[in-house]
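Dumped structure.json below, it's JSON, C-alpha atoms:
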```json
[["chain", "number", "residue", "atom", "x", "y", "z"],
["A", 360, "MET", "CA", -74.52, 17.75, 181.80],
["A", 361, "ARG", "CA", -73.94, 21.46, 181.45],
["A", 362, "PRO", "CA", -74.68, 23.78, 184.38],
["A", 363, "PRO", "CA", -78.01, 25.66, 184.14],
["A", 364, "ARG", "CA", -78.01, 28.54, 181.65],
["A", 365, "ALA", "CA", -78.51, 32.14, 182.61],
["A", 366, "CYS", "CA", -82.07, 33.37, 182.14],
["A", 367, "ALA", "CA", -81.21, 35.84, 179.37],
["A", 368, "GLN", "CA", -79.50, 34.75, 176.20],
["A", 369, "GLY", "CA", -77.78, 37.16, 173.81],
["A", 370, "GLY", "CA", -78.22, 37.57, 170.70],
["A", 371, "GLY", "CA", -103.53, 4.01, 159.95],
["A", 372, "CYS", "CA", -105.65, 5.20, 156.99],
["A", 373, "PRO", "CA", -105.95, 8.73, 155.71],
["A", 374, "PRO", "CA", -108.90, 10.81, 156.88],
["A", 375, "SER", "CA", -111.69, 11.43, 154.46],
["A", 376, "GLY", "CA", -111.25, 14.79, 152.81],
["A", 377, "ALA", "CA", -107.77, 15.27, 154.23],
["A", 378, "ARG", "CA", -106.15, 18.28, 152.67],
["A", 379, "ALA", "CA", -102.62, 19.14, 151.73],
["A", 380, "ALA", "CA", -100.64, 20.80, 154.48],
["A", 381, "ARG", "CA", -102.39, 24.02, 155.36],
["A", 382, "GLY", "CA", -100.52, 27.19, 156.13],
["A", 383, "SER", "CA", -97.70, 27.92, 158.50],
["A", 384, "GLY", "CA", -99.10, 30.02, 161.28],
["A", 385, "HIS", "CA", -97.86, 31.07, 164.69],
["A", 386, "GLY", "CA", -95.03, 28.93, 165.92],
["A", 387, "GLY", "CA", -94.69, 27.33, 162.51],
["A", 388, "GLY", "CA", -91.93, 27.45, 159.97],
["A", 389, "GLY", "CA", -91.27, 26.51, 156.42],
["A", 390, "GLY", "CA", -89.46, 23.52, 155.08],
["A", 391, "SER", "CA", -87.87, 20.57, 156.76],
["A", 392, "GLY", "CA", -84.47, 19.07, 157.28],
["A", 393, "TYR", "CA", -83.30, 22.07, 159.24],
["A", 394, "ALA", "CA", -81.25, 20.01, 161.65],
["A", 395, "ALA", "CA", -79.10, 18.83, 158.79],
["A", 396, "GLY", "CA", -78.21, 22.46, 158.23],
["A", 397, "LEU", "CA", -76.68, 22.62, 161.68],
["A", 398, "GLY", "CA", -73.99, 20.26, 160.49],
["A", 399, "ALA", "CA", -73.20, 16.68, 161.37],
["A", 400, "GLY", "CA", -71.69, 16.25, 164.79],
["A", 401, "ARG", "CA", -73.13, 19.49, 166.16],
["A", 402, "TRP", "CA", -75.18, 17.64, 168.73],
["A", 403, "ARG", "CA", -73.45, 17.47, 172.08],
["A", 404, "ARG", "CA", -73.75, 13.68, 172.16],
["A", 405, "PRO", "CA", -72.53, 11.48, 169.31],
["A", 406, "PRO", "CA", -75.24, 9.70, 167.34],
["A", 407, "PRO", "CA", -75.60, 6.01, 168.11],
["A", 408, "SER", "CA", -73.73, 3.54, 165.95],
["A", 409, "LEU", "CA", -75.62, 1.87, 163.13],
["A", 410, "GLY", "CA", -77.00, -1.53, 163.88],
["A", 411, "PRO", "CA", -80.00, -3.08, 165.60],
["A", 412, "GLY", "CA", -82.22, -0.57, 167.28],
["A", 413, "PRO", "CA", -85.25, 1.67, 166.81],
["A", 414, "VAL", "CA", -85.80, 3.19, 163.40],
["A", 415, "ALA", "CA", -88.45, 5.43, 161.91],
["A", 416, "GLU", "CA", -91.75, 3.77, 161.13],
["A", 417, "GLY", "CA", -91.06, 4.52, 157.50],
["A", 418, "GLY", "CA", -88.13, 2.10, 157.58],
["A", 419, "PRO", "CA", -84.37, 2.52, 157.53],
["A", 420, "GLY", "CA", -82.67, 4.86, 155.15],
["A", 421, "ALA", "CA", -80.10, 7.56, 154.72],
["A", 422, "PRO", "CA", -79.45, 9.94, 157.63],
["A", 423, "GLY", "CA", -82.06, 12.67, 157.79],
["A", 424, "LEU", "CA", -84.83, 10.52, 156.31],
["A", 425, "LYS", "CA", -88.09, 11.57, 157.90],
["A", 426, "SER", "CA", -90.54, 9.18, 159.46],
["A", 427, "SER", "CA", -93.53, 8.33, 157.30],
["A", 428, "VAL", "CA", -96.96, 9.87, 157.86],
["A", 429, "SER", "CA", -99.60, 7.83, 159.67],
["A", 430, "PHE", "CA", -103.14, 8.54, 160.82],
["A", 431, "LEU", "CA", -104.67, 8.02, 164.24],
["A", 432, "THR", "CA", -108.26, 6.95, 163.64],
["A", 433, "ARG", "CA", -110.83, 8.00, 166.21],
["A", 434, "PRO", "CA", -114.46, 6.84, 166.13],
["A", 435, "ASP", "CA", -115.93, 10.07, 167.44],
["A", 436, "ARG", "CA", -113.52, 12.69, 166.09],
["A", 437, "PRO", "CA", -111.55, 13.42, 162.89],
["A", 438, "ASN", "CA", -108.40, 11.40, 162.20],
["A", 439, "LEU", "CA", -105.07, 12.91, 163.19],
["A", 440, "ALA", "CA", -102.03, 12.90, 160.91],
["A", 441, "TYR", "CA", -98.74, 12.20, 162.66],
["A", 442, "HIS", "CA", -95.13, 11.13, 162.21],
["A", 443, "LYS", "CA", -93.76, 8.73, 164.81],
["A", 444, "LEU", "CA", -90.20, 7.73, 165.41],
["A", 445, "LYS", "CA", -89.85, 4.63, 167.57],
["A", 446, "GLY", "CA", -87.20, 4.68, 170.29],
["A", 447, "ARG", "CA", -86.42, 4.79, 173.96],
["A", 448, "ASN", "CA", -87.99, 6.98, 176.63],
["A", 449, "PRO", "CA", -88.38, 9.69, 177.55],
["A", 450, "GLY", "CA", -90.11, 10.33, 174.25],
["A", 451, "VAL", "CA", -90.51, 13.82, 172.83],
["A", 452, "ILE", "CA", -93.77, 15.18, 171.37],
["A", 453, "PHE", "CA", -93.93, 18.44, 169.40],
["A", 454, "LEU", "CA", -97.11, 20.54, 169.62],
["A", 455, "PRO", "CA", -97.28, 23.12, 166.79],
["A", 456, "GLY", "CA", -98.63, 26.64, 166.93],
["A", 457, "PHE", "CA", -101.90, 28.22, 165.82],
["A", 458, "LYS", "CA", -102.74, 27.51, 162.16],
["A", 459, "SER", "CA", -99.40, 25.74, 161.86],
["A", 460, "ASN", "CA", -98.50, 22.14, 161.09],
["A", 461, "MET", "CA", -95.99, 19.43, 161.98],
["A", 462, "ASN", "CA", -93.55, 20.18, 159.16],
["A", 463, "GLY", "CA", -91.92, 23.29, 160.58],
["A", 464, "GLN", "CA", -88.22, 23.72, 161.31],
["A", 465, "LYS", "CA", -88.45, 23.20, 165.05],
["A", 466, "ALA", "CA", -90.38, 19.94, 164.68],
["A", 467, "THR", "CA", -88.10, 18.41, 162.08],
["A", 468, "ALA", "CA", -84.94, 19.51, 163.89],
["A", 469, "LEU", "CA", -86.15, 17.81, 167.05],
["A", 470, "GLU", "CA", -86.99, 14.68, 165.07],
["A", 471, "ASP", "CA", -83.47, 14.57, 163.63],
["A", 472, "PHE", "CA", -82.04, 15.02, 167.10],
["A", 473, "CYS", "CA", -84.17, 12.31, 168.69],
["A", 474, "LYS", "CA", -83.29, 9.95, 165.85],
["A", 475, "SER", "CA", -79.58, 10.55, 166.48],
["A", 476, "LEU", "CA", -80.05, 9.55, 170.13],
["A", 477, "GLY", "CA", -82.46, 6.69, 169.52],
["A", 478, "HIS", "CA", -85.27, 8.38, 171.46],
["A", 479, "ALA", "CA", -88.95, 8.20, 170.54],
["A", 480, "PHE", "CA", -90.46, 11.27, 168.86],
["A", 481, "ILE", "CA", -93.90, 12.31, 167.61],
["A", 482, "ARG", "CA", -95.05, 15.34, 165.65],
["A", 483, "PHE", "CA", -98.66, 15.71, 164.55],
["A", 484, "ASP", "CA", -101.31, 18.02, 163.10],
["A", 485, "TYR", "CA", -104.30, 19.24, 165.09],
["A", 486, "THR", "CA", -107.81, 18.70, 163.78],
["A", 487, "GLY", "CA", -108.45, 21.02, 160.83],
["A", 488, "CYS", "CA", -104.74, 21.71, 160.34],
["A", 489, "GLY", "CA", -102.06, 20.27, 158.08],
["A", 490, "SER", "CA", -102.98, 16.79, 156.86],
["A", 491, "SER", "CA", -105.45, 15.93, 159.63],
["A", 492, "GLY", "CA", -109.17, 15.60, 159.05],
["A", 493, "GLY", "CA", -111.81, 18.08, 160.10],
["A", 494, "ASN", "CA", -112.61, 21.70, 159.29],
["A", 495, "PHE", "CA", -110.62, 24.48, 160.92],
["A", 496, "GLU", "CA", -113.75, 26.64, 161.12],
["A", 497, "GLU", "CA", -115.33, 24.09, 163.46],
["A", 498, "CYS", "CA", -112.30, 23.76, 165.74],
["A", 499, "THR", "CA", -111.97, 24.98, 169.31],
["A", 500, "VAL", "CA", -109.22, 25.07, 171.91],
["A", 501, "GLY", "CA", -111.09, 22.30, 173.70],
["A", 502, "LYS", "CA", -111.03, 20.05, 170.62],
["A", 503, "TRP", "CA", -107.31, 20.66, 170.13],
["A", 504, "ARG", "CA", -106.74, 19.84, 173.78],
["A", 505, "LYS", "CA", -108.45, 16.49, 173.16],
["A", 506, "ASP", "CA", -106.17, 15.97, 170.15],
["A", 507, "VAL", "CA", -103.10, 16.26, 172.37],
["A", 508, "LEU", "CA", -104.55, 13.83, 174.90],
["A", 509, "SER", "CA", -105.42, 11.37, 172.10],
["A", 510, "ILE", "CA", -101.79, 11.41, 170.94],
["A", 511, "LEU", "CA", -100.56, 10.87, 174.50],
["A", 512, "ASP", "CA", -103.06, 8.12, 175.29],
["A", 513, "GLU", "CA", -103.00, 6.18, 172.03],
["A", 514, "LEU", "CA", -99.47, 6.55, 170.69],
["A", 515, "THR", "CA", -97.13, 6.71, 173.68],
["A", 516, "ASP", "CA", -95.95, 4.59, 176.58],
["A", 517, "GLY", "CA", -93.88, 5.86, 179.46],
["A", 518, "PRO", "CA", -92.65, 9.39, 180.25],
["A", 519, "GLN", "CA", -92.84, 12.10, 177.60],
["A", 520, "ILE", "CA", -91.32, 15.56, 177.15],
["A", 521, "LEU", "CA", -93.83, 17.92, 175.54],
["A", 522, "VAL", "CA", -92.45, 20.74, 173.41],
["A", 523, "GLY", "CA", -95.14, 23.32, 172.68],
["A", 524, "ALA", "CA", -94.81, 26.30, 170.34],
["A", 525, "SER", "CA", -97.13, 29.29, 170.81],
["A", 526, "LEU", "CA", -100.65, 27.78, 171.01],
["A", 527, "GLY", "CA", -98.95, 24.41, 171.52],
["A", 528, "GLY", "CA", -97.41, 25.84, 174.68],
["A", 529, "TRP", "CA", -100.90, 26.62, 176.00],
["A", 530, "LEU", "CA", -102.09, 23.11, 175.15],
["A", 531, "MET", "CA", -99.05, 21.43, 176.74],
["A", 532, "LEU", "CA", -100.01, 22.99, 180.08],
["A", 533, "HIS", "CA", -103.45, 21.40, 179.83],
["A", 534, "ALA", "CA", -101.89, 18.05, 178.95],
["A", 535, "ALA", "CA", -99.53, 18.21, 181.92],
["A", 536, "ILE", "CA", -102.48, 18.81, 184.25],
["A", 537, "ALA", "CA", -104.61, 16.07, 182.68],
["A", 538, "ARG", "CA", -101.84, 13.44, 182.41],
["A", 539, "PRO", "CA", -99.36, 14.14, 185.22],
["A", 540, "ASP", "CA", -98.10, 10.54, 185.28],
["A", 541, "LYS", "CA", -97.16, 10.65, 181.61],
["A", 542, "VAL", "CA", -95.87, 14.19, 181.11],
["A", 543, "ALA", "CA", -92.35, 14.19, 182.56],
["A", 544, "ALA", "CA", -91.21, 17.66, 181.43],
["A", 545, "LEU", "CA", -92.32, 20.68, 179.42],
["A", 546, "VAL", "CA", -90.51, 22.95, 176.98],
["A", 547, "GLY", "CA", -92.42, 26.02, 175.85],
["A", 548, "VAL", "CA", -91.43, 28.20, 172.90],
["A", 549, "ALA", "CA", -93.23, 31.56, 172.92],
["A", 550, "VAL", "CA", -95.99, 30.07, 175.07],
["A", 551, "ALA", "CA", -99.32, 31.69, 174.15],
["A", 552, "ALA", "CA", -101.28, 30.74, 177.26],
["A", 553, "ASP", "CA", -104.67, 32.53, 177.24],
["A", 554, "HIS", "CA", -103.31, 34.87, 174.55],
["A", 555, "LEU", "CA", -106.26, 34.90, 172.14],
["A", 556, "VAL", "CA", -108.72, 35.51, 174.94],
["A", 557, "THR", "CA", -106.55, 38.17, 176.57],
["A", 558, "THR", "CA", -106.09, 39.99, 173.26],
["A", 559, "PHE", "CA", -109.84, 39.96, 172.61],
["A", 560, "LYS", "CA", -110.63, 41.34, 176.05],
["A", 561, "LYS", "CA", -108.20, 44.21, 175.48],
["A", 562, "LEU", "CA", -110.27, 45.44, 172.55],
["A", 563, "PRO", "CA", -112.59, 48.40, 173.15],
["A", 564, "ILE", "CA", -116.04, 47.36, 174.40],
["A", 565, "GLU", "CA", -117.58, 48.70, 171.18],
["A", 566, "ALA", "CA", -115.28, 46.48, 169.09],
["A", 567, "GLN", "CA", -116.09, 43.43, 171.23],
["A", 568, "LYS", "CA", -119.84, 44.05, 170.81],
["A", 569, "GLU", "CA", -119.42, 44.42, 167.03],
["A", 570, "ILE", "CA", -117.55, 41.11, 166.86],
["A", 571, "GLU", "CA", -120.26, 39.44, 168.92],
["A", 572, "GLU", "CA", -122.97, 40.78, 166.60],
["A", 573, "LYS", "CA", -121.12, 39.78, 163.42],
["A", 574, "GLY", "CA", -120.01, 36.48, 164.90],
["A", 575, "GLU", "CA", -116.50, 36.93, 163.47],
["A", 576, "TRP", "CA", -113.21, 38.36, 164.63],
["A", 577, "LYS", "CA", -110.54, 39.22, 162.11],
["A", 578, "PHE", "CA", -107.49, 38.64, 164.26],
["A", 579, "PRO", "CA", -104.52, 40.57, 162.79],
["A", 580, "THR", "CA", -101.48, 38.55, 161.68],
["A", 581, "LYS", "CA", -98.46, 38.96, 159.42],
["A", 582, "TYR", "CA", -98.33, 35.25, 158.63],
["A", 583, "ASN", "CA", -100.77, 35.12, 155.72],
["A", 584, "GLU", "CA", -101.64, 37.22, 152.66],
["A", 585, "GLU", "CA", -104.95, 38.46, 154.05],
["A", 586, "GLY", "CA", -103.25, 39.98, 157.08],
["A", 587, "TYR", "CA", -105.70, 38.40, 159.50],
["A", 588, "TYR", "CA", -107.08, 35.11, 160.79],
["A", 589, "SER", "CA", -110.84, 34.76, 160.80],
["A", 590, "LEU", "CA", -112.08, 33.48, 164.15],
["A", 591, "THR", "CA", -115.67, 33.00, 165.21],
["A", 592, "TYR", "CA", -117.00, 34.70, 168.28],
["A", 593, "ASN", "CA", -117.95, 31.25, 169.57],
["A", 594, "PHE", "CA", -114.29, 30.21, 169.29],
["A", 595, "ILE", "CA", -113.31, 32.99, 171.69],
["A", 596, "ARG", "CA", -116.14, 32.22, 174.10],
["A", 597, "GLU", "CA", -115.16, 28.54, 174.17],
["A", 598, "ALA", "CA", -111.48, 29.40, 174.62],
["A", 599, "GLU", "CA", -112.35, 31.28, 177.81],
["A", 600, "ASN", "CA", -113.11, 27.90, 179.38],
["A", 601, "HIS", "CA", -109.49, 26.89, 178.93],
["A", 602, "CYS", "CA", -107.67, 29.92, 180.34],
["A", 603, "VAL", "CA", -105.00, 28.88, 182.82],
["A", 604, "LEU", "CA", -103.32, 32.00, 184.19],
["A", 605, "ASN", "CA", -106.01, 33.06, 186.65],
["A", 606, "SER", "CA", -105.02, 30.54, 189.33],
["A", 607, "PRO", "CA", -102.12, 28.30, 190.38],
["A", 608, "LEU", "CA", -101.35, 25.49, 187.94],
["A", 609, "PRO", "CA", -100.90, 22.01, 189.48],
["A", 610, "ILE", "CA", -97.87, 21.15, 187.36],
["A", 611, "THR", "CA", -94.81, 19.89, 189.22],
["A", 612, "CYS", "CA", -92.52, 18.53, 186.48],
["A", 613, "PRO", "CA", -89.41, 20.36, 185.17],
["A", 614, "ILE", "CA", -90.34, 23.25, 182.87],
["A", 615, "ARG", "CA", -88.23, 25.29, 180.44],
["A", 616, "LEU", "CA", -89.76, 28.35, 178.81],
["A", 617, "ILE", "CA", -87.96, 29.94, 175.85],
["A", 618, "HIS", "CA", -89.16, 33.29, 174.55],
["A", 619, "GLY", "CA", -87.86, 35.98, 172.22],
["A", 620, "MET", "CA", -87.88, 39.53, 173.56],
["A", 621, "LYS", "CA", -88.58, 40.80, 170.03],
["A", 622, "ASP", "CA", -91.73, 38.67, 169.83],
["A", 623, "ASP", "CA", -94.39, 41.03, 168.47],
["A", 624, "VAL", "CA", -97.15, 38.39, 168.54],
["A", 625, "VAL", "CA", -97.04, 36.90, 172.03],
["A", 626, "PRO", "CA", -95.40, 39.06, 174.75],
["A", 627, "TRP", "CA", -92.51, 37.38, 176.54],
["A", 628, "GLN", "CA", -94.11, 38.39, 179.82],
["A", 629, "ILE", "CA", -96.60, 35.53, 179.32],
["A", 630, "SER", "CA", -93.78, 33.04, 179.87],
["A", 631, "MET", "CA", -92.99, 34.83, 183.12],
["A", 632, "GLN", "CA", -96.65, 34.52, 184.16],
["A", 633, "VAL", "CA", -96.61, 30.80, 183.42],
["A", 634, "ALA", "CA", -93.44, 30.38, 185.48],
["A", 635, "ASP", "CA", -95.14, 32.19, 188.35],
["A", 636, "ARG", "CA", -98.38, 30.18, 188.18],
["A", 637, "VAL", "CA", -97.01, 26.62, 188.02],
["A", 638, "LEU", "CA", -96.33, 24.81, 191.28],
["A", 639, "SER", "CA", -93.08, 23.32, 189.99],
["A", 640, "LYS", "CA", -89.90, 24.70, 191.53],
["A", 641, "ASP", "CA", -87.78, 23.45, 188.64],
["A", 642, "VAL", "CA", -88.57, 26.22, 186.16],
["A", 643, "ASP", "CA", -86.20, 28.17, 183.93],
["A", 644, "VAL", "CA", -87.25, 31.07, 181.72],
["A", 645, "ILE", "CA", -84.78, 31.62, 178.89],
["A", 646, "LEU", "CA", -85.09, 34.97, 177.09],
["A", 647, "ARG", "CA", -83.41, 35.65, 173.77],
["A", 648, "LYS", "CA", -82.89, 39.37, 173.37],
["A", 649, "ILE", "CA", -83.21, 39.35, 169.58],
["A", 650, "GLY", "CA", -85.57, 36.38, 169.33],
["A", 651, "GLN", "CA", -88.69, 36.71, 167.16],
["A", 652, "HIS", "CA", -92.01, 34.89, 167.65],
["A", 653, "ARG", "CA", -91.26, 31.84, 165.54],
["A", 654, "MET", "CA", -87.82, 31.29, 167.09],
["A", 655, "SER", "CA", -86.63, 29.50, 163.96],
["A", 656, "GLU", "CA", -83.20, 31.03, 163.42],
["A", 657, "LYS", "CA", -80.27, 28.62, 163.58],
["A", 658, "GLU", "CA", -79.25, 29.74, 167.08],
["A", 659, "ASP", "CA", -82.86, 29.49, 168.26],
["A", 660, "ILE", "CA", -83.08, 25.90, 167.04],
["A", 661, "LYS", "CA", -79.77, 24.99, 168.68],
["A", 662, "LEU", "CA", -81.01, 26.43, 171.97],
["A", 663, "LEU", "CA", -84.23, 24.43, 171.72],
["A", 664, "VAL", "CA", -82.45, 21.18, 170.92],
["A", 665, "ASN", "CA", -79.90, 21.66, 173.71],
["A", 666, "THR", "CA", -82.71, 22.44, 176.16],
["A", 667, "VAL", "CA", -84.46, 19.18, 175.29],
["A", 668, "ASP", "CA", -81.13, 17.35, 175.50],
["A", 669, "ASP", "CA", -80.54, 18.68, 179.01],
["A", 670, "LEU", "CA", -84.00, 17.52, 180.10],
["A", 671, "ILE", "CA", -83.39, 14.05, 178.71],
["A", 672, "ASP", "CA", -80.20, 13.94, 180.78],
["A", 673, "LYS", "CA", -82.02, 15.21, 183.85],
["A", 674, "LEU", "CA", -84.84, 12.69, 183.58],
["A", 675, "ALA", "CA", -82.32, 9.87, 183.14],
["A", 676, "THR", "CA", -80.74, 10.75, 186.50],
["A", 677, "LEU", "CA", -84.14, 10.72, 188.20],
["A", 678, "VAL", "CA", -84.98, 7.15, 187.11]]
```
So that I can check it, write out the structure of this file as structure tokens.
Amino acid sequence: MRPPRACAQGGGCPPSGARAARGSGHGGGGGSGYAAGLGAGRWRRPPPSLGPGPVAEGGPGAPGLKSSVSFLTRPDRPNLAYHKLKGRNPGVIFLPGFKSNMNGQKATALEDFCKSLGHAFIRFDYTGCGSSGGNFEECTVGKWRKDVLSILDELTDGPQILVGASLGGWLMLHAAIARPDKVAALVGVAVAADHLVTTFKKLPIEAQKEIEEKGEWKFPTKYNEEGYYSLTYNFIREAENHCVLNSPLPITCPIRLIHGMKDDVVPWQISMQVADRVLSKDVDVILRKIGQHRMSEKEDIKLLVNTVDDLIDKLATLV
């Protein structure tokens, strides 16, 4: 295992009405197969030899073949689309960002990596996003929190490492509090804890009152053609119930928080706040001086994969 890094770095059945993959929002990324672009043999550990062992649910195939899509059916909530790679523990679960989906570069790179090691991996779409059922307009932070817990409860056994991007970083904190016996470690990428609520409350009082009267907030973004995301006022009010940075967080597992200092969506200082609030003593904040919000450049992906690799090593020594 490498020594700790310095804190600053240079540089089922388908749901009814399921839609094609929607958008690539905060913490998302286009395309798949990014890990293959890093080059074979770039991982610090050699991939396991071919032979008996865990394979993707979609069946064996050429290297880089993605796991097939499945759907978690829930009697009281929309079905969730997911890809699951069977393997050993600790498993890794990727939580995408706001208005993003499970097909981004970070998710698929981590899947390739876990496959090379024979570790379990899951990536999924929240309700109203990607290929999952439900309407985005009816979603709330609370419903997405339940999505994460459904994935943990229904699809996993044993310890899991949660990797959360942007909004997913906020949700992974909730999951760690709700399922402390199952969440063995956390990796946050541009963690957006409380960010939507904090941004709303920074608006002038007149603007907040106007949004309340209209019932809609056009949240500025550079990640779609309109230049904004349309959020209901009720979404913001509900999200206030899930803010986490106002008091200590009872999370004691190892935590790694990666953030770009050029992030113009979610300030890197939020990762510092999270580090301060959690009870865990095993917390590293890794800042990339030229890192953007999505953290999807080749060096960003390598840093993420190596961070997860180190945690897998660490957890193995604790067993």
Open item on the list: Quick check, in Å to one decimal: how far apart do CA of Gly523 (chain A) and CA of Pro434 (chain A) lie?
Closed with: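 Going from CA of Gly523 (chain A) over to CA of Pro434 (chain A), I get 26.2 Å.
CA of Val548 (chain A) is positioned 16.4 Å from CA of Asp635 (chain A).
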If you take only C-alpha atoms and a cut-off of 6 Å, which residues of region 509-572 of chain A touch region 610-629 of chain A, and what are their nearest atom pairs and distances in Å to one decimal, in chain and number order, as CSV?
```
residue,atom,partner,partner_atom,distance
A:Ala543,CA,A:Cys612,CA,5.9
A:Ala544,CA,A:Pro613,CA,5.0
A:Leu545,CA,A:Ile614,CA,4.7
A:Val546,CA,A:Arg615,CA,4.8
A:Gly547,CA,A:Leu616,CA,4.6
A:Val548,CA,A:Ile617,CA,4.9
A:Ala549,CA,A:His618,CA,4.7
```
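Distances from A:Lys458, A:His478, A:Arg636, A:Arg596 to Asn494 (chain A) were compared using all atoms listed in the file, and the smallest one belongs to A:Lys458.
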Task: Atom-to-atom span, CA of Arg482 (chain A) and CA of Thr580 (chain A), Å - done: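 Separating CA of Arg482 (chain A) from CA of Thr580 (chain A) is a distance of 24.4 Å.
Of the listed residues A:Gly501, A:Thr486, A:Gln519, A:Glu470, the one whose atoms come nearest to Leu674 (chain A) is A:Gln519, with distances taken using all atoms listed in the file.
Shortest separation to His601 (chain A) among A:Leu532, A:Ala466, A:Ile452, A:Ile649 occurs at residue A:Leu532, atoms counted being all atoms listed in the file.
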Listed atoms of region 665-677 of chain A, axis-aligned box, 5 Å per side: centre and edge lengths to one decimal in Å, as AutoDock Vina command-line options?
```
--center_x -82.4 --center_y 16.2 --center_z 181.0 --size_x 14.9 --size_y 22.6 --size_z 24.5
```
TODO: Measuring atom to atom with all atoms listed in the file, identify which of A:Arg647, A:Arg447, A:Lys561, A:His652 is nearest to Tyr582 (chain A).
DONE: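 Closest to Tyr582 (chain A), using all atoms listed in the file: A:His652.
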Within 9 Å of (-94.9, 7.6, 174.0), in the coordinates the file gives, what residues turn up when you count only C-alpha atoms, written out as a compact mmCIF listing (two decimals) with C-alpha atoms, keeping the file's coordinate frame?
```txt
# COMPACT_ATOMS: atom_id res chain seq x y z
CA LYS A 445 -89.85 4.63 167.57
CA ARG A 447 -86.42 4.79 173.96
CA ASN A 448 -87.99 6.98 176.63
CA PRO A 449 -88.38 9.69 177.55
CA GLY A 450 -90.11 10.33 174.25
CA VAL A 451 -90.51 13.82 172.83
CA ILE A 452 -93.77 15.18 171.37
CA ALA A 479 -88.95 8.20 170.54
CA PHE A 480 -90.46 11.27 168.86
CA ILE A 481 -93.90 12.31 167.61
CA ILE A 510 -101.79 11.41 170.94
CA LEU A 511 -100.56 10.87 174.50
CA ASP A 512 -103.06 8.12 175.29
CA GLU A 513 -103.00 6.18 172.03
CA LEU A 514 -99.47 6.55 170.69
CA THR A 515 -97.13 6.71 173.68
CA ASP A 516 -95.95 4.59 176.58
CA GLY A 517 -93.88 5.86 179.46
CA PRO A 518 -92.65 9.39 180.25
CA GLN A 519 -92.84 12.10 177.60
CA LYS A 541 -97.16 10.65 181.61
```
Open item on the list: Given only C-alpha atoms as the basis, pick out the residue of A:Thr432, A:Leu521, A:Lys502, A:Phe594 nearest to Val667 (chain A).
Closed with: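 Among A:Thr432, A:Leu521, A:Lys502, A:Phe594, it is A:Leu521 that comes nearest to Val667 (chain A).
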- [ ] Point out the residue among A:Asn593, A:Lys465, A:Pro607, A:Pro563 with the least atom-to-atom distance to Trp576 (chain A), counting all atoms listed in the file.
- [x]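 Selected residue with least distance to Trp576 (chain A): A:Asn593.
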TODO: Determine, counting all atoms listed in the file, every residue of protein, DNA or RNA that lies within 12 Å of (-109.7, 41.2, 162.2) in the file coordinates, then give the result as a VMD selection string.
DONE: chain A and resid 558 to 559 562 566 to 567 569 to 570 573 to 581 585 to 592
